[in-house]
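J.: File upload02.cif below, mmCIF, C-alpha atoms:
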```
data_structure
loop_
_atom_site.label_atom_id
_atom_site.label_comp_id
_atom_site.auth_asym_id
_atom_site.auth_seq_id
_atom_site.Cartn_x
_atom_site.Cartn_y
_atom_site.Cartn_z
CA MET E 30 183.50 15.40 31.96
CA THR E 31 180.57 13.49 30.52
CA PRO E 32 181.03 9.75 31.20
CA ILE E 33 181.24 7.47 28.12
CA PRO E 34 178.74 4.62 28.25
CA LEU E 35 180.38 1.20 28.62
CA LEU E 36 178.47 -0.10 25.56
CA ALA E 37 180.13 2.57 23.42
CA LEU E 38 183.54 1.19 24.39
CA VAL E 39 182.63 -2.43 23.64
CA ILE E 40 180.88 -2.06 20.28
CA PRO E 41 183.92 -0.78 18.31
CA LEU E 42 185.94 -3.79 19.53
CA LEU E 43 183.48 -6.34 18.17
CA PRO E 44 184.48 -7.90 14.80
CA ALA E 45 182.40 -6.90 11.85
CA ALA E 46 179.93 -9.49 10.64
CA PRO E 47 181.28 -11.39 7.61
CA SER E 48 179.72 -10.27 4.37
CA ALA E 49 177.78 -12.78 2.28
CA PRO E 50 179.57 -14.11 -0.82
CA ALA E 51 178.81 -11.96 -3.86
CA PRO E 52 176.41 -13.67 -6.29
CA ILE E 53 177.36 -14.20 -9.94
CA ALA E 54 175.01 -13.46 -12.81
CA PRO E 55 173.38 -16.62 -14.28
CA ALA E 56 174.79 -16.05 -17.79
CA VAL E 57 178.32 -15.62 -16.42
CA ALA E 58 177.98 -18.72 -14.23
CA ALA E 59 176.75 -20.79 -17.19
CA GLU E 60 179.77 -19.76 -19.27
CA ILE E 61 182.18 -20.58 -16.44
CA LEU E 62 180.63 -24.03 -16.07
CA ARG E 63 180.85 -24.62 -19.81
CA THR E 64 184.53 -23.67 -20.07
CA SER E 65 185.53 -25.64 -16.94
CA ASP E 66 183.54 -28.82 -17.66
CA VAL E 67 186.56 -31.10 -18.13
CA ALA E 68 184.72 -34.25 -19.26
CA SER E 69 182.97 -32.41 -22.08
CA PHE E 70 186.34 -31.57 -23.67
CA ALA E 71 187.52 -35.19 -23.81
CA PRO E 72 188.16 -36.61 -27.32
CA GLU E 73 185.26 -38.47 -28.93
CA SER E 74 187.24 -41.71 -28.70
CA PHE E 75 190.39 -42.33 -26.68
CA ARG E 76 192.46 -44.80 -24.70
CA ALA E 77 194.04 -43.87 -21.36
CA ARG E 78 196.03 -45.63 -18.65
CA LEU E 79 195.54 -44.65 -15.02
CA ARG E 80 197.22 -45.56 -11.75
CA ILE E 81 195.00 -45.73 -8.66
CA SER E 82 196.99 -45.40 -5.41
CA PRO E 83 195.30 -45.66 -1.98
CA LEU E 84 196.98 -43.26 0.47
CA HIS E 85 195.74 -44.54 3.83
CA GLU E 86 198.34 -46.25 5.98
CA SER E 87 197.48 -49.64 7.42
CA ALA E 88 198.64 -53.22 7.23
CA GLU E 89 195.83 -53.91 4.77
CA THR E 90 196.50 -51.00 2.39
CA PRO E 91 196.34 -52.46 -1.14
CA ASP E 92 199.06 -51.85 -3.71
CA PRO E 93 198.50 -49.29 -6.49
CA MET E 94 196.38 -50.61 -9.34
CA ASP E 95 196.73 -49.75 -13.04
CA VAL E 96 193.69 -49.71 -15.31
CA GLU E 97 193.17 -49.01 -18.99
CA VAL E 98 190.19 -46.93 -20.07
CA TRP E 99 188.65 -47.14 -23.55
CA SER E 100 185.98 -44.53 -24.27
CA LEU E 101 183.73 -43.98 -27.28
CA GLY E 102 181.42 -40.98 -27.09
CA ASP E 103 179.68 -40.29 -23.80
CA ALA E 104 177.67 -43.53 -23.70
CA LYS E 105 180.32 -46.27 -23.98
CA SER E 106 183.29 -46.81 -21.67
CA LEU E 107 185.39 -49.87 -20.87
CA VAL E 108 187.76 -50.17 -17.90
CA ARG E 109 190.28 -52.98 -18.21
CA PHE E 110 192.10 -54.15 -15.06
CA LEU E 111 195.81 -54.59 -15.80
CA GLY E 112 197.03 -56.49 -12.75
CA ALA E 113 198.29 -60.03 -13.32
CA LYS E 114 195.71 -61.42 -10.90
CA GLU E 115 192.89 -59.49 -12.60
CA LYS E 116 193.52 -60.49 -16.21
CA GLY E 117 190.31 -60.60 -18.23
CA LYS E 118 188.28 -58.47 -15.78
CA TYR E 119 186.44 -55.40 -17.06
CA LEU E 120 183.89 -52.79 -16.12
CA LEU E 121 181.67 -51.89 -19.07
CA ARG E 122 179.44 -48.81 -19.01
CA LEU E 123 176.67 -48.60 -21.60
CA ASP E 124 174.24 -45.67 -21.52
CA GLY E 125 174.72 -45.19 -17.77
CA THR E 126 174.43 -48.87 -16.83
CA VAL E 127 177.61 -50.54 -15.54
CA TRP E 128 178.46 -54.23 -15.91
CA PHE E 129 181.28 -56.28 -14.38
CA LEU E 130 182.77 -58.85 -16.74
CA ALA E 131 185.06 -61.62 -15.50
CA PRO E 132 186.62 -64.64 -17.21
CA GLY E 133 184.63 -67.79 -16.59
CA ALA E 134 181.53 -65.94 -15.38
CA ARG E 135 178.28 -67.26 -16.80
CA LYS E 136 176.92 -63.77 -17.48
CA PRO E 137 177.75 -60.10 -16.82
CA VAL E 138 176.96 -58.74 -13.36
CA LYS E 139 175.22 -55.37 -13.10
CA VAL E 140 176.86 -52.97 -10.63
CA GLY E 141 176.31 -49.34 -9.67
CA ALA E 142 178.37 -46.49 -11.14
CA ALA E 143 179.42 -45.67 -7.56
CA HIS E 144 181.21 -49.05 -7.40
CA ARG E 145 184.69 -48.53 -5.92
CA LEU E 146 187.58 -49.80 -8.00
CA ARG E 147 190.31 -49.28 -5.41
CA GLY E 148 190.30 -47.18 -2.25
CA GLY E 149 187.87 -44.29 -2.70
CA ALA E 150 187.88 -44.24 -6.51
CA SER E 151 184.52 -44.80 -8.18
CA LEU E 152 183.87 -45.24 -11.88
CA ASP E 153 182.00 -41.93 -12.22
CA GLU E 154 184.85 -40.03 -10.61
CA LEU E 155 187.42 -41.67 -12.91
CA LEU E 156 185.54 -41.23 -16.16
CA GLY E 157 184.28 -37.75 -15.37
CA ILE E 158 180.82 -36.24 -15.15
CA ARG E 159 179.37 -33.90 -17.79
CA TYR E 160 178.05 -31.13 -15.60
CA THR E 161 176.82 -28.85 -18.39
CA ARG E 162 174.61 -31.62 -19.76
CA ASP E 163 173.48 -33.37 -16.57
CA TYR E 164 173.22 -30.54 -14.02
CA ALA E 165 171.54 -27.15 -13.65
CA ILE E 166 173.08 -24.23 -11.78
CA GLU E 167 171.18 -23.60 -8.56
CA GLY E 168 173.45 -20.80 -7.39
CA ALA E 169 176.85 -19.23 -8.08
CA THR E 170 178.98 -17.04 -5.80
CA GLU E 171 182.44 -15.54 -5.62
CA GLY E 172 185.03 -17.29 -3.46
CA HIS E 173 188.70 -16.97 -2.59
CA ASP E 174 191.64 -19.05 -1.39
CA ALA E 175 195.39 -18.53 -0.97
CA GLN E 176 195.93 -18.71 -4.74
CA GLY E 177 193.28 -16.15 -5.64
CA PRO E 178 189.63 -15.74 -6.69
CA LEU E 179 187.32 -18.73 -7.10
CA VAL E 180 183.82 -19.32 -8.42
CA VAL E 181 181.60 -21.66 -6.40
CA LEU E 182 178.85 -23.29 -8.46
CA ASP E 183 176.04 -25.16 -6.69
CA LEU E 184 174.62 -27.69 -9.12
CA VAL E 185 171.49 -29.84 -8.99
CA ALA E 186 170.88 -32.93 -11.13
CA ARG E 187 168.46 -32.55 -14.03
CA ASP E 188 167.50 -36.23 -13.83
CA LYS E 189 167.15 -38.77 -11.02
CA ARG E 190 169.55 -41.06 -12.87
CA ALA E 191 172.44 -38.61 -12.45
CA PRO E 192 175.26 -40.07 -10.31
CA TYR E 193 174.86 -37.45 -7.56
CA PRO E 194 171.80 -35.30 -6.76
CA LYS E 195 173.90 -32.24 -5.89
CA VAL E 196 177.44 -31.07 -6.67
CA ARG E 197 179.44 -28.10 -5.43
CA TYR E 198 181.90 -27.30 -8.24
CA VAL E 199 184.73 -24.89 -7.40
CA VAL E 200 186.56 -23.22 -10.30
CA ARG E 201 189.70 -21.07 -10.38
CA ARG E 202 188.81 -17.69 -11.91
CA SER E 203 192.18 -17.09 -13.57
CA THR E 204 192.46 -20.45 -15.36
CA GLN E 205 188.78 -21.46 -15.74
CA ARG E 206 189.76 -24.92 -14.46
CA PRO E 207 188.18 -26.76 -11.54
CA VAL E 208 189.86 -26.88 -8.15
CA ARG E 209 187.54 -29.47 -6.61
CA ALA E 210 184.13 -31.09 -6.90
CA GLU E 211 182.11 -31.95 -3.79
CA TYR E 212 179.50 -34.66 -4.40
CA MET E 213 176.47 -34.44 -2.12
CA LEU E 214 173.51 -36.49 -1.01
CA ARG E 215 169.98 -35.07 -1.20
CA SER E 216 170.35 -34.02 2.44
CA GLY E 217 173.26 -31.78 1.47
CA LYS E 218 175.83 -33.97 3.24
CA THR E 219 179.06 -34.37 1.27
CA SER E 220 179.65 -37.99 0.29
CA SER E 221 182.98 -37.57 -1.55
CA VAL E 222 185.38 -34.92 -2.83
CA VAL E 223 187.58 -34.83 -5.93
CA GLU E 224 190.50 -32.38 -5.92
CA PHE E 225 192.26 -31.49 -9.19
CA LEU E 226 195.96 -31.37 -8.30
CA GLU E 227 197.87 -31.27 -11.60
CA TRP E 228 197.13 -30.63 -15.26
CA GLU E 229 198.61 -31.79 -18.55
CA ALA E 230 200.30 -29.10 -20.63
CA GLY E 231 198.25 -27.83 -23.55
CA SER E 232 195.07 -25.91 -24.23
CA ARG E 233 192.72 -28.87 -23.67
CA PRO E 234 191.92 -29.27 -19.93
CA VAL E 235 193.20 -32.75 -19.01
CA ALA E 236 193.75 -33.50 -15.32
CA ARG E 237 197.01 -35.40 -14.70
CA LYS E 238 196.51 -36.04 -11.00
CA LEU E 239 193.39 -36.22 -8.81
CA LEU E 240 192.89 -36.75 -5.10
CA LEU E 241 189.67 -38.55 -4.16
CA THR E 242 188.34 -38.53 -0.60
CA ASP E 243 185.45 -40.62 0.72
CA ASN E 244 183.68 -38.38 3.23
CA LEU E 245 181.35 -41.02 4.60
CA GLY E 246 182.27 -44.20 6.50
CA SER E 247 185.74 -45.15 5.27
CA ARG E 248 187.35 -41.69 4.93
CA LEU E 249 189.70 -43.27 2.36
CA ARG E 250 191.94 -40.99 0.30
CA THR E 251 193.01 -42.16 -3.14
CA GLU E 252 195.35 -40.60 -5.69
CA VAL E 253 194.66 -41.12 -9.39
CA THR E 254 197.45 -40.39 -11.89
CA LEU E 255 197.04 -40.21 -15.66
CA LEU E 256 199.99 -42.17 -17.08
CA GLU E 257 199.15 -41.83 -20.76
CA MET E 258 196.31 -40.80 -23.04
CA GLU E 259 195.86 -41.05 -26.79
CA GLU E 260 193.07 -40.06 -29.11
CA ARG E 261 192.39 -42.98 -31.43
CA ARG E 262 189.76 -44.95 -33.28
CA ILE E 263 188.14 -47.62 -31.10
CA PRO E 264 186.31 -50.69 -32.46
CA ASP E 265 182.67 -50.76 -31.37
CA GLY E 266 183.03 -54.47 -30.61
CA LEU E 267 184.95 -53.67 -27.42
CA PHE E 268 181.62 -52.62 -25.91
CA ASP E 269 179.63 -55.67 -26.99
CA LEU E 270 178.12 -57.05 -23.79
CA GLN E 271 177.64 -60.56 -25.15
CA ASP E 272 180.55 -61.09 -27.57
CA PRO E 273 184.03 -60.83 -25.94
CA ALA E 274 185.99 -61.32 -29.19
CA GLU E 275 187.34 -57.75 -29.43
CA ARG E 276 188.15 -57.62 -25.72
CA LYS E 277 190.15 -60.85 -25.95
CA LYS E 278 192.41 -59.17 -28.50
CA LEU E 279 193.50 -56.76 -25.76
CA GLU E 280 194.83 -59.70 -23.74
CA GLN E 281 197.09 -60.91 -26.51
CA PRO E 282 200.82 -60.15 -26.07
#
```
Once more with this new file: its structure as structure tokens, please.

T.:
Amino acid sequence: MTPIPLLALVIPLLPAAPSAPAPIAPAVAAEILRTSDVASFAPESFRARLRISPLHESAETPDPMDVEVWSLGDAKSLVRFLGAKEKGKYLLRLDGTVWFLAPGARKPVKVGAAHRLRGGASLDELLGIRYTRDYAIEGATEGHDAQGPLVVLDLVARDKRAPYPKVRYVVRRSTQRPVRAEYMLRSGKTSSVVEFLEWEAGSRPVARKLLLTDNLGSRLRTEVTLLEMEERRIPDGLFDLQDPAERKKLEQP
């Protein structure tokens, strides 16, 4: 009998090398990004109320915080803090610049859009990012999880002023809705992750519950719940940086 080489016995037992994810055609990827870009489907003007709940367990874990968001177009947003101890405090975003307004302050204070409101929740993550407008698709591949096929879009900022230089945007194939967004530094390291947990009923893609995770120092996890949302006309005076008259009306009982 001719002896069988030992190598011939070992090779069939070795696991096959994993295949590379299948690439997606650029035109198909662009359409998937367009249909899954949640922020771009928001009403032109709306008011919403959100609850921000830190999930980490410690003696210093803050209580949940409710905020009210007023948005007009994609250039003007106002976040009103609803807690009794935070009455009269706002974050105002005008054309990408964010200001903190507080009662008694001599002048508005400029802050970054990555400013954390509570736990790991930043303003950009709450208000949403318009990926179709602000990012280009660097690559797109097929993916899969326990619920079925995914599309993984690697995005790169078109402008240095974009909130994050790179984003990995994962979309469910069957629903055309995002599963998560991974925000990255220029090095490719993930700084934070937003997971889309629940959706409002209806054809318009409105996320009802998000889970935000800070992947850098704090590792904080924060849940954001949409309590209510209404499309409505909003007075432009709410976004006046110098004149608080319209904002004071919000404080009236």

J.: Choose the residue, out of E:Ile61, E:Leu279, E:Leu84, E:Leu214, that has the smallest atom-to-atom separation from E:Ile263; count only C-alpha atoms.

T.: E:Leu279

J.: Go through stretch 116-232 of chain E residue by residue and, counting all atoms listed in the file, keep those with an atom at most 12 Å from stretch 68-74 of chain E; for each kept residue give the shortest atom pair and its distance in Å to one decimal, ordered by chain and increasing number, as CSV.

T.:
```
residue,atom,partner,partner_atom,distance
E:Asp153,CA,E:Ala68,CA,10.8
E:Glu154,CA,E:Ala68,CA,10.4
E:Leu155,CA,E:Ala68,CA,10.1
E:Leu156,CA,E:Ala68,CA,7.7
E:Gly157,CA,E:Ala68,CA,5.3
E:Ile158,CA,E:Ala68,CA,6.0
E:Arg159,CA,E:Ala68,CA,5.6
E:Tyr160,CA,E:Ala68,CA,8.2
E:Thr161,CA,E:Ser69,CA,8.0
E:Arg162,CA,E:Ser69,CA,8.7
E:Asp163,CA,E:Ser69,CA,11.0
E:Arg206,CA,E:Ala68,CA,11.6
E:Pro207,CA,E:Ala68,CA,11.3
E:Ser232,CA,E:Phe70,CA,10.4
```

J.: Can you work out the spacing between atom CA of E:Ala49 and atom CA of E:Thr242 in Å, to one decimal?

T.: 28.0 Å

J.: Select, from E:Leu255, E:Ala230, E:Leu241, E:Val208, the residue with the minimum atom-to-atom distance to E:Ser65, counting all atoms listed in the file.

T.: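 For E:Ser65, the nearest of the candidates is E:Val208.
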
J.: If the PyMOL selection byres ((chain E and resi 240) around 6) were run on this exact file, what residues would it hold? Put them as a list in words.

T.: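 So the PyMOL selection byres ((chain E and resi 240) around 6) ends up selecting Val223, Glu224, Leu239, Leu241, Thr251 and Glu252 of chain E.
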
J.: Please determine, counting all atoms listed in the file, which residue among E:Leu152, E:Ile81, E:Leu121, E:Leu270 has the shortest atom-to-atom distance to E:Ala104.

T.: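 So, comparing all the options, the nearest one is E:Leu121.
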
J.: Convert the output of the PyMOL selection byres ((chain E and resi 197) around 10) on the shown file into explicit residues, formatted as number ranges by chain.

T.: E: 166-169, 181-185, 195-196, 198-200, 209-213, 217, 219, 222

J.: Write out as a short mmCIF file (atom, residue, chain, number, x, y, z; two decimals) with C-alpha atoms, in the coordinates of the input the residues lying within 7 Å of E:Glu171, counting all atoms listed in the file and excluding same-chain residues fewer than 5 positions away.

T.:
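For reference, around-v4.cif as written:
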```cif
data_model
loop_
_atom_site.label_atom_id
_atom_site.label_comp_id
_atom_site.auth_asym_id
_atom_site.auth_seq_id
_atom_site.Cartn_x
_atom_site.Cartn_y
_atom_site.Cartn_z
CA PRO E 50 179.57 -14.11 -0.82
CA ALA E 51 178.81 -11.96 -3.86
CA PRO E 52 176.41 -13.67 -6.29
CA ILE E 53 177.36 -14.20 -9.94
CA LEU E 179 187.32 -18.73 -7.10
CA VAL E 180 183.82 -19.32 -8.42
CA VAL E 181 181.60 -21.66 -6.40
#
```

J.: In Å, how far is it from atom CA of E:Gly133 to atom CA of E:Leu107?

T.: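 Separation of atom CA of E:Gly133 and atom CA of E:Leu107: 18.4 Å.
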
J.: Choose the residue, out of E:His85, E:Lys136, E:Arg233, E:Arg202, that has the smallest atom-to-atom separation from E:Pro178; count all atoms listed in the file.

T.: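 Closest candidate: E:Arg202.
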
J.: Emit as AutoDock Vina command-line options the padded axis-aligned box for all listed atoms of stretch 237-243 of chain E, 5 Å per side, with centre and edge lengths in Å to one decimal.

T.:
```
--center_x 191.2 --center_y -38.0 --center_z -7.0 --size_x 21.6 --size_y 15.2 --size_z 25.4
```

J.: For E:Phe268, which residue among E:Ala175, E:Ala113, E:Leu226, E:Leu101 is the nearest when counting all atoms listed in the file?

T.: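 Of E:Ala175, E:Ala113, E:Leu226, E:Leu101, the one nearest E:Phe268, counting all atoms listed in the file, is E:Leu101.
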
J.: Could you state which residues are captured by the PyMOL selection byres ((chain E and resi 274-277) around 10) in this file, as a ChimeraX atom specification?

T.: /E:107,109,117-119,264-269,271-273,278-281

J.: Provide the atom CA of E:Arg261 to atom CA of E:Arg76 distance in Å, to one decimal place.

T.: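 Going from atom CA of E:Arg261 over to atom CA of E:Arg76 covers 7.0 Å.
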
J.: For E:Arg262, which of E:Ser100, E:Thr64, E:Asp188, E:Val127 is the closest residue, counting all atoms listed in the file?

T.: E:Ser100

J.: Name the residues in contact with E:Asp243 at a cut-off of 9 Å, using only C-alpha atoms, excluding same-chain residues fewer than 5 positions from it; report them as JSON, numbers by chain.

T.: {"E": [148, 149, 150, 219, 220, 221, 222, 248, 249, 250, 251]}
